[in-house]
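Participant: This is the content of run.txt (compact mmCIF, N, CA and C atoms):
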# COMPACT_ATOMS: atom_id res chain seq x y z
N MET A 22 121.11 110.11 94.93
CA MET A 22 120.32 111.00 94.09
C MET A 22 119.67 112.05 94.99
N GLU A 23 119.83 113.31 94.65
CA GLU A 23 119.25 114.37 95.47
C GLU A 23 117.75 114.51 95.19
N ILE A 24 117.08 115.20 96.09
CA ILE A 24 115.61 115.28 96.03
C ILE A 24 115.11 115.90 94.72
N ASN A 25 115.80 116.92 94.20
CA ASN A 25 115.36 117.54 92.95
C ASN A 25 115.46 116.56 91.78
N GLN A 26 116.47 115.71 91.80
CA GLN A 26 116.61 114.70 90.74
C GLN A 26 115.49 113.67 90.83
N ILE A 27 115.16 113.26 92.05
CA ILE A 27 114.08 112.29 92.25
C ILE A 27 112.77 112.90 91.75
N TYR A 28 112.51 114.15 92.15
CA TYR A 28 111.30 114.87 91.74
C TYR A 28 111.22 114.93 90.22
N THR A 29 112.29 115.37 89.59
CA THR A 29 112.32 115.52 88.13
C THR A 29 112.12 114.18 87.44
N GLU A 30 112.76 113.15 87.94
CA GLU A 30 112.64 111.81 87.35
C GLU A 30 111.21 111.28 87.47
N LEU A 31 110.59 111.45 88.64
CA LEU A 31 109.21 110.98 88.82
C LEU A 31 108.24 111.74 87.93
N ILE A 32 108.42 113.04 87.80
CA ILE A 32 107.56 113.83 86.92
C ILE A 32 107.70 113.31 85.49
N ARG A 33 108.94 113.09 85.05
CA ARG A 33 109.18 112.60 83.69
C ARG A 33 108.53 111.23 83.49
N GLU A 34 108.78 110.32 84.42
CA GLU A 34 108.23 108.97 84.30
C GLU A 34 106.71 108.99 84.19
N HIS A 35 106.08 109.75 85.09
CA HIS A 35 104.62 109.76 85.12
C HIS A 35 104.00 110.56 83.98
N SER A 36 104.71 111.56 83.47
CA SER A 36 104.10 112.37 82.41
C SER A 36 104.39 111.83 81.02
N VAL A 37 105.51 111.16 80.84
CA VAL A 37 105.91 110.69 79.51
C VAL A 37 105.69 109.18 79.35
N GLU A 38 105.98 108.43 80.39
CA GLU A 38 105.99 106.97 80.27
C GLU A 38 104.88 106.30 81.08
N SER A 39 103.83 107.02 81.36
CA SER A 39 102.78 106.51 82.25
C SER A 39 102.00 105.35 81.64
N ASP A 40 101.85 104.30 82.41
CA ASP A 40 100.98 103.19 82.02
C ASP A 40 99.51 103.57 82.20
N ASN A 41 99.25 104.67 82.89
CA ASN A 41 97.88 105.09 83.18
C ASN A 41 97.27 105.94 82.08
N LYS A 42 98.08 106.38 81.12
CA LYS A 42 97.55 107.20 80.02
C LYS A 42 97.17 106.26 78.89
N LYS A 43 95.87 105.94 78.86
CA LYS A 43 95.37 104.96 77.89
C LYS A 43 93.85 105.02 77.87
N THR A 44 93.27 104.26 76.99
CA THR A 44 91.82 104.10 76.93
C THR A 44 91.42 103.03 77.93
N LEU A 45 90.33 103.25 78.63
CA LEU A 45 89.80 102.27 79.56
C LEU A 45 88.42 101.86 79.06
N ASP A 46 88.39 100.75 78.34
CA ASP A 46 87.17 100.33 77.66
C ASP A 46 86.02 99.97 78.60
N ASP A 47 86.35 99.41 79.77
CA ASP A 47 85.29 98.95 80.68
C ASP A 47 85.05 99.93 81.83
N LYS A 48 85.22 101.22 81.55
CA LYS A 48 85.02 102.24 82.59
C LYS A 48 83.56 102.30 83.02
N THR A 49 83.37 102.67 84.27
CA THR A 49 82.02 102.88 84.80
C THR A 49 81.76 104.37 85.03
N ASP A 50 82.84 105.14 85.17
CA ASP A 50 82.75 106.57 85.45
C ASP A 50 83.77 107.31 84.60
N SER A 51 83.37 108.48 84.13
CA SER A 51 84.25 109.30 83.30
C SER A 51 83.93 110.77 83.54
N LYS A 52 84.97 111.57 83.63
CA LYS A 52 84.76 113.00 83.89
C LYS A 52 85.86 113.81 83.22
N LEU A 53 85.45 114.89 82.57
CA LEU A 53 86.37 115.81 81.95
C LEU A 53 86.84 116.82 82.99
N GLY A 54 88.14 117.05 83.02
CA GLY A 54 88.71 118.08 83.89
C GLY A 54 89.49 119.05 83.02
N VAL A 55 89.24 120.34 83.22
CA VAL A 55 89.88 121.37 82.38
C VAL A 55 90.47 122.45 83.28
N ASN A 56 91.68 122.85 82.93
CA ASN A 56 92.33 123.98 83.59
C ASN A 56 92.45 125.07 82.53
N PRO A 57 91.46 125.96 82.43
CA PRO A 57 91.45 126.95 81.35
C PRO A 57 92.62 127.93 81.40
N SER A 58 93.21 128.11 82.56
CA SER A 58 94.30 129.09 82.66
C SER A 58 95.56 128.66 81.93
N CYS A 59 95.73 127.35 81.73
CA CYS A 59 96.94 126.94 81.00
C CYS A 59 96.68 125.89 79.92
N GLY A 60 95.42 125.47 79.77
CA GLY A 60 95.09 124.55 78.69
C GLY A 60 95.18 123.08 79.02
N ASP A 61 95.45 122.74 80.29
CA ASP A 61 95.46 121.32 80.67
C ASP A 61 94.05 120.77 80.54
N GLU A 62 93.95 119.57 80.00
CA GLU A 62 92.65 118.92 79.83
C GLU A 62 92.83 117.43 79.96
N ILE A 63 92.07 116.84 80.88
CA ILE A 63 92.11 115.38 81.05
C ILE A 63 90.70 114.82 81.04
N VAL A 64 90.59 113.58 80.64
CA VAL A 64 89.37 112.81 80.86
C VAL A 64 89.79 111.68 81.78
N LEU A 65 89.26 111.70 82.98
CA LEU A 65 89.56 110.67 83.97
C LEU A 65 88.52 109.57 83.84
N ASN A 66 88.99 108.35 83.63
CA ASN A 66 88.11 107.19 83.48
C ASN A 66 88.42 106.20 84.59
N LEU A 67 87.37 105.75 85.27
CA LEU A 67 87.52 104.80 86.36
C LEU A 67 86.60 103.61 86.17
N LYS A 68 87.05 102.48 86.65
CA LYS A 68 86.21 101.29 86.72
C LYS A 68 85.98 101.03 88.21
N ILE A 69 84.73 101.29 88.65
CA ILE A 69 84.38 101.15 90.06
C ILE A 69 83.33 100.05 90.20
N ASN A 70 83.64 99.06 91.00
CA ASN A 70 82.70 97.97 91.28
C ASN A 70 82.60 97.76 92.78
N ASP A 71 81.38 97.66 93.27
CA ASP A 71 81.13 97.44 94.70
C ASP A 71 81.91 98.41 95.57
N GLY A 72 81.99 99.67 95.14
CA GLY A 72 82.64 100.69 95.94
C GLY A 72 84.16 100.68 95.92
N ILE A 73 84.73 99.89 95.02
CA ILE A 73 86.20 99.80 94.92
C ILE A 73 86.64 100.27 93.54
N ILE A 74 87.65 101.12 93.53
CA ILE A 74 88.22 101.60 92.27
C ILE A 74 89.15 100.50 91.76
N GLU A 75 88.62 99.69 90.86
CA GLU A 75 89.38 98.54 90.35
C GLU A 75 90.44 98.95 89.34
N ASP A 76 90.15 99.99 88.56
CA ASP A 76 91.12 100.42 87.55
C ASP A 76 90.88 101.88 87.24
N GLY A 77 91.88 102.51 86.67
CA GLY A 77 91.77 103.90 86.30
C GLY A 77 92.71 104.21 85.15
N ALA A 78 92.35 105.20 84.37
CA ALA A 78 93.18 105.62 83.25
C ALA A 78 92.77 107.04 82.90
N TYR A 79 93.60 107.68 82.09
CA TYR A 79 93.24 109.02 81.64
C TYR A 79 93.71 109.24 80.22
N GLU A 80 93.05 110.19 79.60
CA GLU A 80 93.43 110.64 78.27
C GLU A 80 93.46 112.16 78.37
N GLY A 81 94.32 112.79 77.59
CA GLY A 81 94.33 114.23 77.62
C GLY A 81 95.66 114.83 77.27
N VAL A 82 95.70 116.14 77.40
CA VAL A 82 96.90 116.91 77.08
C VAL A 82 97.14 117.93 78.17
N GLY A 83 98.38 118.32 78.29
CA GLY A 83 98.71 119.35 79.28
C GLY A 83 100.17 119.31 79.63
N CYS A 84 100.51 120.14 80.59
CA CYS A 84 101.90 120.24 81.02
C CYS A 84 102.31 118.98 81.77
N ALA A 85 103.60 118.84 81.97
CA ALA A 85 104.15 117.66 82.64
C ALA A 85 103.58 117.51 84.05
N ILE A 86 103.38 118.62 84.76
CA ILE A 86 102.86 118.54 86.13
C ILE A 86 101.44 117.97 86.14
N SER A 87 100.57 118.45 85.28
CA SER A 87 99.18 117.96 85.28
C SER A 87 99.12 116.49 84.87
N GLN A 88 99.90 116.12 83.89
CA GLN A 88 99.88 114.74 83.42
C GLN A 88 100.49 113.80 84.46
N ALA A 89 101.59 114.21 85.07
CA ALA A 89 102.23 113.38 86.10
C ALA A 89 101.34 113.25 87.33
N SER A 90 100.73 114.35 87.77
CA SER A 90 99.87 114.31 88.94
C SER A 90 98.68 113.38 88.70
N THR A 91 98.14 113.39 87.49
CA THR A 91 97.01 112.50 87.16
C THR A 91 97.45 111.04 87.27
N SER A 92 98.58 110.71 86.70
CA SER A 92 99.09 109.35 86.76
C SER A 92 99.36 108.91 88.20
N MET A 93 99.98 109.81 88.97
CA MET A 93 100.29 109.51 90.38
C MET A 93 99.01 109.29 91.17
N MET A 94 97.99 110.09 90.89
CA MET A 94 96.72 109.95 91.59
C MET A 94 96.09 108.59 91.29
N ILE A 95 96.09 108.20 90.04
CA ILE A 95 95.52 106.90 89.67
C ILE A 95 96.24 105.79 90.42
N ASP A 96 97.57 105.85 90.46
CA ASP A 96 98.33 104.84 91.21
C ASP A 96 97.93 104.82 92.68
N ALA A 97 97.70 106.00 93.25
CA ALA A 97 97.37 106.10 94.68
C ALA A 97 96.00 105.55 95.02
N VAL A 98 95.03 105.66 94.10
CA VAL A 98 93.65 105.25 94.44
C VAL A 98 93.24 103.90 93.85
N LYS A 99 94.01 103.38 92.93
CA LYS A 99 93.66 102.09 92.33
C LYS A 99 93.67 100.99 93.39
N GLY A 100 92.57 100.24 93.44
CA GLY A 100 92.45 99.16 94.43
C GLY A 100 91.87 99.62 95.75
N LYS A 101 91.57 100.91 95.86
CA LYS A 101 91.06 101.47 97.12
C LYS A 101 89.54 101.62 97.04
N THR A 102 88.92 101.70 98.23
CA THR A 102 87.49 101.97 98.28
C THR A 102 87.26 103.45 97.97
N ILE A 103 86.01 103.79 97.70
CA ILE A 103 85.64 105.19 97.46
C ILE A 103 86.02 106.04 98.66
N GLU A 104 85.76 105.54 99.86
CA GLU A 104 86.09 106.30 101.08
C GLU A 104 87.60 106.48 101.21
N GLU A 105 88.37 105.45 100.93
CA GLU A 105 89.83 105.58 100.98
C GLU A 105 90.31 106.59 99.94
N ALA A 106 89.72 106.55 98.75
CA ALA A 106 90.10 107.50 97.69
C ALA A 106 89.75 108.92 98.11
N ARG A 107 88.63 109.10 98.77
CA ARG A 107 88.24 110.43 99.27
C ARG A 107 89.27 110.92 100.29
N ASP A 108 89.69 110.04 101.18
CA ASP A 108 90.68 110.39 102.20
C ASP A 108 92.03 110.74 101.55
N ILE A 109 92.44 109.96 100.57
CA ILE A 109 93.70 110.22 99.87
C ILE A 109 93.63 111.56 99.14
N THR A 110 92.50 111.82 98.51
CA THR A 110 92.30 113.09 97.79
C THR A 110 92.37 114.26 98.76
N ASN A 111 91.68 114.15 99.90
CA ASN A 111 91.71 115.21 100.89
C ASN A 111 93.13 115.43 101.42
N THR A 112 93.86 114.35 101.63
CA THR A 112 95.24 114.45 102.10
C THR A 112 96.09 115.20 101.08
N PHE A 113 95.93 114.87 99.81
CA PHE A 113 96.71 115.54 98.77
C PHE A 113 96.36 117.03 98.70
N LEU A 114 95.08 117.34 98.65
CA LEU A 114 94.65 118.74 98.53
C LEU A 114 95.08 119.55 99.76
N ASN A 115 95.00 118.96 100.94
CA ASN A 115 95.47 119.65 102.15
C ASN A 115 96.97 119.86 102.10
N MET A 116 97.70 118.89 101.57
CA MET A 116 99.16 119.01 101.44
C MET A 116 99.50 120.20 100.55
N ILE A 117 98.77 120.36 99.46
CA ILE A 117 99.04 121.44 98.51
C ILE A 117 98.73 122.81 99.14
N LYS A 118 97.69 122.87 99.97
CA LYS A 118 97.28 124.14 100.58
C LYS A 118 98.15 124.54 101.78
N SER A 119 98.80 123.56 102.38
CA SER A 119 99.47 123.79 103.66
C SER A 119 100.99 123.90 103.50
N THR A 120 101.60 124.49 104.50
CA THR A 120 103.07 124.53 104.54
C THR A 120 103.59 123.57 105.61
N GLU A 121 102.66 122.88 106.27
CA GLU A 121 103.05 121.93 107.31
C GLU A 121 103.54 120.63 106.69
N GLU A 122 104.44 119.98 107.39
CA GLU A 122 104.95 118.69 106.95
C GLU A 122 103.88 117.62 107.15
N LEU A 123 103.80 116.70 106.21
CA LEU A 123 102.88 115.57 106.36
C LEU A 123 103.50 114.49 107.22
N SER A 124 102.64 113.71 107.86
CA SER A 124 103.13 112.56 108.63
C SER A 124 103.64 111.50 107.66
N ASP A 125 104.45 110.61 108.18
CA ASP A 125 104.95 109.51 107.34
C ASP A 125 103.80 108.68 106.79
N LEU A 126 102.74 108.51 107.58
CA LEU A 126 101.58 107.74 107.15
C LEU A 126 100.90 108.41 105.96
N ASP A 127 100.75 109.74 106.03
CA ASP A 127 100.13 110.47 104.93
C ASP A 127 101.01 110.43 103.68
N LEU A 128 102.31 110.59 103.86
CA LEU A 128 103.22 110.52 102.72
C LEU A 128 103.15 109.16 102.04
N GLU A 129 103.08 108.11 102.85
CA GLU A 129 102.98 106.74 102.32
C GLU A 129 101.67 106.55 101.57
N LYS A 130 100.60 107.11 102.12
CA LYS A 130 99.26 107.02 101.51
C LYS A 130 99.26 107.63 100.10
N LEU A 131 100.01 108.73 99.92
CA LEU A 131 100.03 109.44 98.65
C LEU A 131 100.96 108.79 97.62
N GLY A 132 101.87 107.96 98.04
CA GLY A 132 102.81 107.34 97.10
C GLY A 132 103.64 108.41 96.40
N ASP A 133 103.84 108.25 95.11
CA ASP A 133 104.66 109.19 94.34
C ASP A 133 104.10 110.61 94.37
N ALA A 134 102.80 110.76 94.57
CA ALA A 134 102.20 112.10 94.60
C ALA A 134 102.76 112.96 95.73
N ALA A 135 103.34 112.32 96.74
CA ALA A 135 103.96 113.08 97.83
C ALA A 135 105.11 113.94 97.34
N THR A 136 105.69 113.60 96.20
CA THR A 136 106.79 114.41 95.66
C THR A 136 106.32 115.79 95.21
N LEU A 137 105.02 115.98 95.08
CA LEU A 137 104.48 117.28 94.69
C LEU A 137 104.22 118.18 95.90
N GLN A 138 104.71 117.78 97.05
CA GLN A 138 104.46 118.48 98.31
C GLN A 138 104.82 119.97 98.25
N ASN A 139 105.88 120.32 97.58
CA ASN A 139 106.31 121.72 97.56
C ASN A 139 105.82 122.50 96.35
N ILE A 140 104.87 121.95 95.61
CA ILE A 140 104.36 122.63 94.42
C ILE A 140 103.69 123.96 94.79
N ASN A 141 103.25 124.07 96.05
CA ASN A 141 102.61 125.32 96.48
C ASN A 141 103.59 126.50 96.48
N LYS A 142 104.88 126.22 96.36
CA LYS A 142 105.88 127.29 96.24
C LYS A 142 105.92 127.84 94.81
N LEU A 143 105.21 127.16 93.91
CA LEU A 143 105.08 127.60 92.51
C LEU A 143 103.59 127.83 92.25
N PRO A 144 103.03 128.95 92.69
CA PRO A 144 101.58 129.16 92.63
C PRO A 144 100.96 128.93 91.24
N ALA A 145 101.69 129.24 90.20
CA ALA A 145 101.14 129.05 88.84
C ALA A 145 100.96 127.58 88.51
N ARG A 146 101.61 126.68 89.23
CA ARG A 146 101.54 125.25 88.94
C ARG A 146 100.53 124.50 89.81
N VAL A 147 100.01 125.17 90.83
CA VAL A 147 99.09 124.50 91.75
C VAL A 147 97.86 123.97 91.02
N LYS A 148 97.25 124.79 90.15
CA LYS A 148 96.06 124.34 89.41
C LYS A 148 96.38 123.13 88.54
N CYS A 149 97.60 123.08 88.02
CA CYS A 149 98.02 121.94 87.20
C CYS A 149 98.07 120.67 88.06
N ALA A 150 98.62 120.80 89.25
CA ALA A 150 98.80 119.66 90.14
C ALA A 150 97.48 119.13 90.69
N VAL A 151 96.51 120.01 90.91
CA VAL A 151 95.25 119.57 91.55
C VAL A 151 94.15 119.20 90.55
N LEU A 152 94.35 119.43 89.27
CA LEU A 152 93.31 119.19 88.27
C LEU A 152 92.71 117.79 88.38
N ALA A 153 93.52 116.77 88.34
CA ALA A 153 93.01 115.39 88.39
C ALA A 153 92.33 115.08 89.71
N TRP A 154 92.87 115.62 90.79
CA TRP A 154 92.33 115.37 92.12
C TRP A 154 90.96 116.00 92.26
N ARG A 155 90.78 117.19 91.72
CA ARG A 155 89.46 117.85 91.73
C ARG A 155 88.48 117.08 90.85
N THR A 156 88.97 116.54 89.75
CA THR A 156 88.13 115.75 88.84
C THR A 156 87.67 114.47 89.54
N LEU A 157 88.60 113.82 90.25
CA LEU A 157 88.24 112.62 91.02
C LEU A 157 87.22 112.97 92.10
N GLU A 158 87.41 114.09 92.75
CA GLU A 158 86.47 114.55 93.77
C GLU A 158 85.06 114.65 93.20
N GLN A 159 84.94 115.17 91.99
CA GLN A 159 83.63 115.31 91.33
C GLN A 159 83.02 113.93 91.04
N ILE A 160 83.83 112.99 90.59
CA ILE A 160 83.32 111.64 90.34
C ILE A 160 82.79 111.04 91.64
N ILE A 161 83.56 111.18 92.71
CA ILE A 161 83.15 110.61 94.01
C ILE A 161 81.87 111.27 94.52
N GLU A 162 81.77 112.58 94.39
CA GLU A 162 80.58 113.29 94.86
C GLU A 162 79.32 112.88 94.09
N ASN A 163 79.48 112.49 92.85
CA ASN A 163 78.33 112.13 92.02
C ASN A 163 77.94 110.66 92.14
N ARG A 164 78.60 109.92 92.98
CA ARG A 164 78.26 108.50 93.15
C ARG A 164 77.23 108.32 94.21
Once more with this new file: its structure as structure tokens, please.

Facilitator:
Amino acid sequence: MEINQIYTELIREHSVESDNKKTLDDKTDSKLGVNPSCGDEIVLNLKINDGIIEDGAYEGVGCAISQASTSMMIDAVKGKTIEEARDITNTFLNMIKSTEELSDLDLEKLGDAATLQNINKLPARVKCAVLAWRTLEQIIENR
């Protein structure tokens, strides 16, 4: 399977068939994220106990990139400490801003979200890809 097929398949899986798009009844933190330029809107819900992101989910509407990136982000930070989630978020945002290749360790840290590495070649899609990550950043900053 070539890289474009893998990318397309992961976007489809995460945007259409995501287990992370659901209601999270026992959430401790919730934040609305909006991308007014294209209408993407998510509500990121997290269950954080003793500094660990035990669970995460989202509700919302938007393009496949925003929805897939949100699902991928939840997978990447679930089970991690707040500090680890901050590091993962910074790694993702730096990846989007940079043209440099990530280390294997950083790619592994991001999981499926690493497939969005070249989204910066599509400037109109960057805001879609970073919406959830910026929303998570706000939750972390307010803790």

Participant: Take the point (88.4, 112.7, 87.5) as written in the file and pick out every residue within 7 Å of it, counting only N, CA and C atoms; give the list as JSON, numbers by chain.

Facilitator: {"A": [51, 52, 53, 54, 64, 65, 66, 152, 153, 154, 155, 156, 157, 158, 159, 160]}

Participant: Calculated over only C-alpha atoms, which of the candidates A:Asp61, A:Lys118, A:Ile86, A:Lys48 has the smallest distance to Ile74 in chain A?

Facilitator: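 The answer is A:Lys48, which sits nearest to Ile74 in chain A.
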
Participant: Which residues in range 41-155 of chain A does DSSP call strand (DSSP E or B)? List them as a ChimeraX atom specification.

Facilitator: /A:42,50-56,61-70,73-82,102

Participant: Enumerate, as a PyMOL selection string, the complete set of residues in range 49-162 of chain A that a backbone-based DSSP assignment places in helix (DSSP H, G or I).

Facilitator: chain A and resi 85-98+103-118+125-142+144-162

Participant: With a distance cut-off of 8 Å and all atoms listed in the file, select the neighbouring residues of range 97-103 of chain A, excluding the residue or stretch itself and same-chain residues fewer than 6 positions from it, and output the selection as a list in words.

Facilitator: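 Listed by chain and then number, they are Asp71, Gly72, Ile73, Ile74, Glu75, Asp76, Gly77, Thr91, Ile109, Thr110, Lys130, Leu131, Gly132, Asp133, Ala134 and Ile161 of chain A.
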
Participant: Mind giving me the axis-aligned box for range 54-70 of chain A with 5 Å on every side, centre plus edges in Å to one decimal, as AutoDock Vina command-line options?

Facilitator:
--center_x 89.8 --center_y 113.4 --center_z 85.7 --size_x 24.3 --size_y 41.3 --size_z 24.1

Participant: Would you mind putting back all heavy atoms on range 154-164 of chain A, then writing it out as an mmCIF file, in the coordinates of the input?

Facilitator:
data_model
loop_
_atom_site.group_PDB
_atom_site.id
_atom_site.type_symbol
_atom_site.label_atom_id
_atom_site.label_comp_id
_atom_site.auth_asym_id
_atom_site.auth_seq_id
_atom_site.Cartn_x
_atom_site.Cartn_y
_atom_site.Cartn_z
ATOM 1 N N TRP A 154 92.870 115.620 90.790
ATOM 2 C CA TRP A 154 92.330 115.370 92.120
ATOM 3 C C TRP A 154 90.960 116.000 92.260
ATOM 4 O O TRP A 154 90.051 115.403 92.860
ATOM 5 C CB TRP A 154 93.302 115.864 93.184
ATOM 6 C CG TRP A 154 94.646 115.194 93.089
ATOM 7 C CD1 TRP A 154 95.684 115.551 92.259
ATOM 8 C CD2 TRP A 154 95.088 114.042 93.795
ATOM 9 N NE1 TRP A 154 96.736 114.687 92.435
ATOM 10 C CE2 TRP A 154 96.404 113.759 93.377
ATOM 11 C CE3 TRP A 154 94.510 113.229 94.768
ATOM 12 C CZ2 TRP A 154 97.145 112.696 93.881
ATOM 13 C CZ3 TRP A 154 95.246 112.176 95.283
ATOM 14 C CH2 TRP A 154 96.549 111.911 94.833
ATOM 15 N N ARG A 155 90.780 117.190 91.720
ATOM 16 C CA ARG A 155 89.460 117.850 91.730
ATOM 17 C C ARG A 155 88.480 117.080 90.850
ATOM 18 O O ARG A 155 87.292 116.974 91.167
ATOM 19 C CB ARG A 155 89.573 119.305 91.246
ATOM 20 C CG ARG A 155 90.378 120.200 92.148
ATOM 21 C CD ARG A 155 89.602 120.559 93.384
ATOM 22 N NE ARG A 155 90.352 121.526 94.191
ATOM 23 C CZ ARG A 155 90.213 121.641 95.484
ATOM 24 N NH1 ARG A 155 89.367 120.872 96.136
ATOM 25 N NH2 ARG A 155 90.907 122.534 96.148
ATOM 26 N N THR A 156 88.970 116.540 89.750
ATOM 27 C CA THR A 156 88.130 115.750 88.840
ATOM 28 C C THR A 156 87.670 114.470 89.540
ATOM 29 O O THR A 156 86.504 114.080 89.472
ATOM 30 C CB THR A 156 88.884 115.449 87.526
ATOM 31 O OG1 THR A 156 89.352 116.683 86.976
ATOM 32 C CG2 THR A 156 87.996 114.745 86.528
ATOM 33 N N LEU A 157 88.600 113.820 90.250
ATOM 34 C CA LEU A 157 88.240 112.620 91.020
ATOM 35 C C LEU A 157 87.220 112.970 92.100
ATOM 36 O O LEU A 157 86.258 112.224 92.311
ATOM 37 C CB LEU A 157 89.491 112.008 91.662
ATOM 38 C CG LEU A 157 89.243 110.829 92.603
ATOM 39 C CD1 LEU A 157 88.595 109.658 91.878
ATOM 40 C CD2 LEU A 157 90.552 110.395 93.267
ATOM 41 N N GLU A 158 87.410 114.090 92.750
ATOM 42 C CA GLU A 158 86.470 114.550 93.770
ATOM 43 C C GLU A 158 85.060 114.650 93.200
ATOM 44 O O GLU A 158 84.086 114.235 93.832
ATOM 45 C CB GLU A 158 86.937 115.941 94.237
ATOM 46 C CG GLU A 158 86.827 116.205 95.687
ATOM 47 C CD GLU A 158 87.420 117.566 96.057
ATOM 48 O OE1 GLU A 158 87.500 118.493 95.217
ATOM 49 O OE2 GLU A 158 87.787 117.685 97.216
ATOM 50 N N GLN A 159 84.940 115.170 91.990
ATOM 51 C CA GLN A 159 83.630 115.310 91.330
ATOM 52 C C GLN A 159 83.020 113.930 91.040
ATOM 53 O O GLN A 159 81.810 113.744 91.218
ATOM 54 C CB GLN A 159 83.747 116.130 90.066
ATOM 55 C CG GLN A 159 84.076 117.582 90.341
ATOM 56 C CD GLN A 159 84.377 118.359 89.052
ATOM 57 O OE1 GLN A 159 84.282 117.827 87.956
ATOM 58 N NE2 GLN A 159 84.747 119.617 89.215
ATOM 59 N N ILE A 160 83.830 112.990 90.590
ATOM 60 C CA ILE A 160 83.320 111.640 90.340
ATOM 61 C C ILE A 160 82.790 111.040 91.640
ATOM 62 O O ILE A 160 81.687 110.483 91.687
ATOM 63 C CB ILE A 160 84.407 110.732 89.725
ATOM 64 C CG1 ILE A 160 84.683 111.151 88.276
ATOM 65 C CG2 ILE A 160 83.991 109.252 89.799
ATOM 66 C CD1 ILE A 160 85.832 110.394 87.613
ATOM 67 N N ILE A 161 83.560 111.180 92.710
ATOM 68 C CA ILE A 161 83.150 110.610 94.010
ATOM 69 C C ILE A 161 81.870 111.270 94.520
ATOM 70 O O ILE A 161 80.963 110.575 94.986
ATOM 71 C CB ILE A 161 84.307 110.766 95.036
ATOM 72 C CG1 ILE A 161 85.462 109.818 94.662
ATOM 73 C CG2 ILE A 161 83.815 110.482 96.446
ATOM 74 C CD1 ILE A 161 86.730 110.029 95.486
ATOM 75 N N GLU A 162 81.770 112.580 94.390
ATOM 76 C CA GLU A 162 80.580 113.290 94.860
ATOM 77 C C GLU A 162 79.320 112.880 94.090
ATOM 78 O O GLU A 162 78.220 112.919 94.638
ATOM 79 C CB GLU A 162 80.768 114.807 94.715
ATOM 80 C CG GLU A 162 81.707 115.398 95.738
ATOM 81 C CD GLU A 162 82.021 116.868 95.478
ATOM 82 O OE1 GLU A 162 81.371 117.490 94.610
ATOM 83 O OE2 GLU A 162 82.926 117.386 96.158
ATOM 84 N N ASN A 163 79.480 112.490 92.850
ATOM 85 C CA ASN A 163 78.330 112.130 92.020
ATOM 86 C C ASN A 163 77.940 110.660 92.140
ATOM 87 O O ASN A 163 77.028 110.214 91.453
ATOM 88 C CB ASN A 163 78.598 112.493 90.552
ATOM 89 C CG ASN A 163 78.624 113.990 90.350
ATOM 90 O OD1 ASN A 163 77.913 114.731 90.999
ATOM 91 N ND2 ASN A 163 79.463 114.435 89.441
ATOM 92 N N ARG A 164 78.600 109.920 92.980
ATOM 93 C CA ARG A 164 78.260 108.500 93.150
ATOM 94 C C ARG A 164 77.230 108.320 94.210
ATOM 95 O O ARG A 164 77.134 108.951 95.186
ATOM 96 C CB ARG A 164 79.501 107.696 93.516
ATOM 97 C CG ARG A 164 80.305 107.442 92.288
ATOM 98 C CD ARG A 164 81.174 106.231 92.452
ATOM 99 N NE ARG A 164 80.981 105.491 91.223
ATOM 100 C CZ ARG A 164 80.465 104.288 91.136
ATOM 101 N NH1 ARG A 164 80.084 103.631 92.167
ATOM 102 N NH2 ARG A 164 80.335 103.697 89.966
#
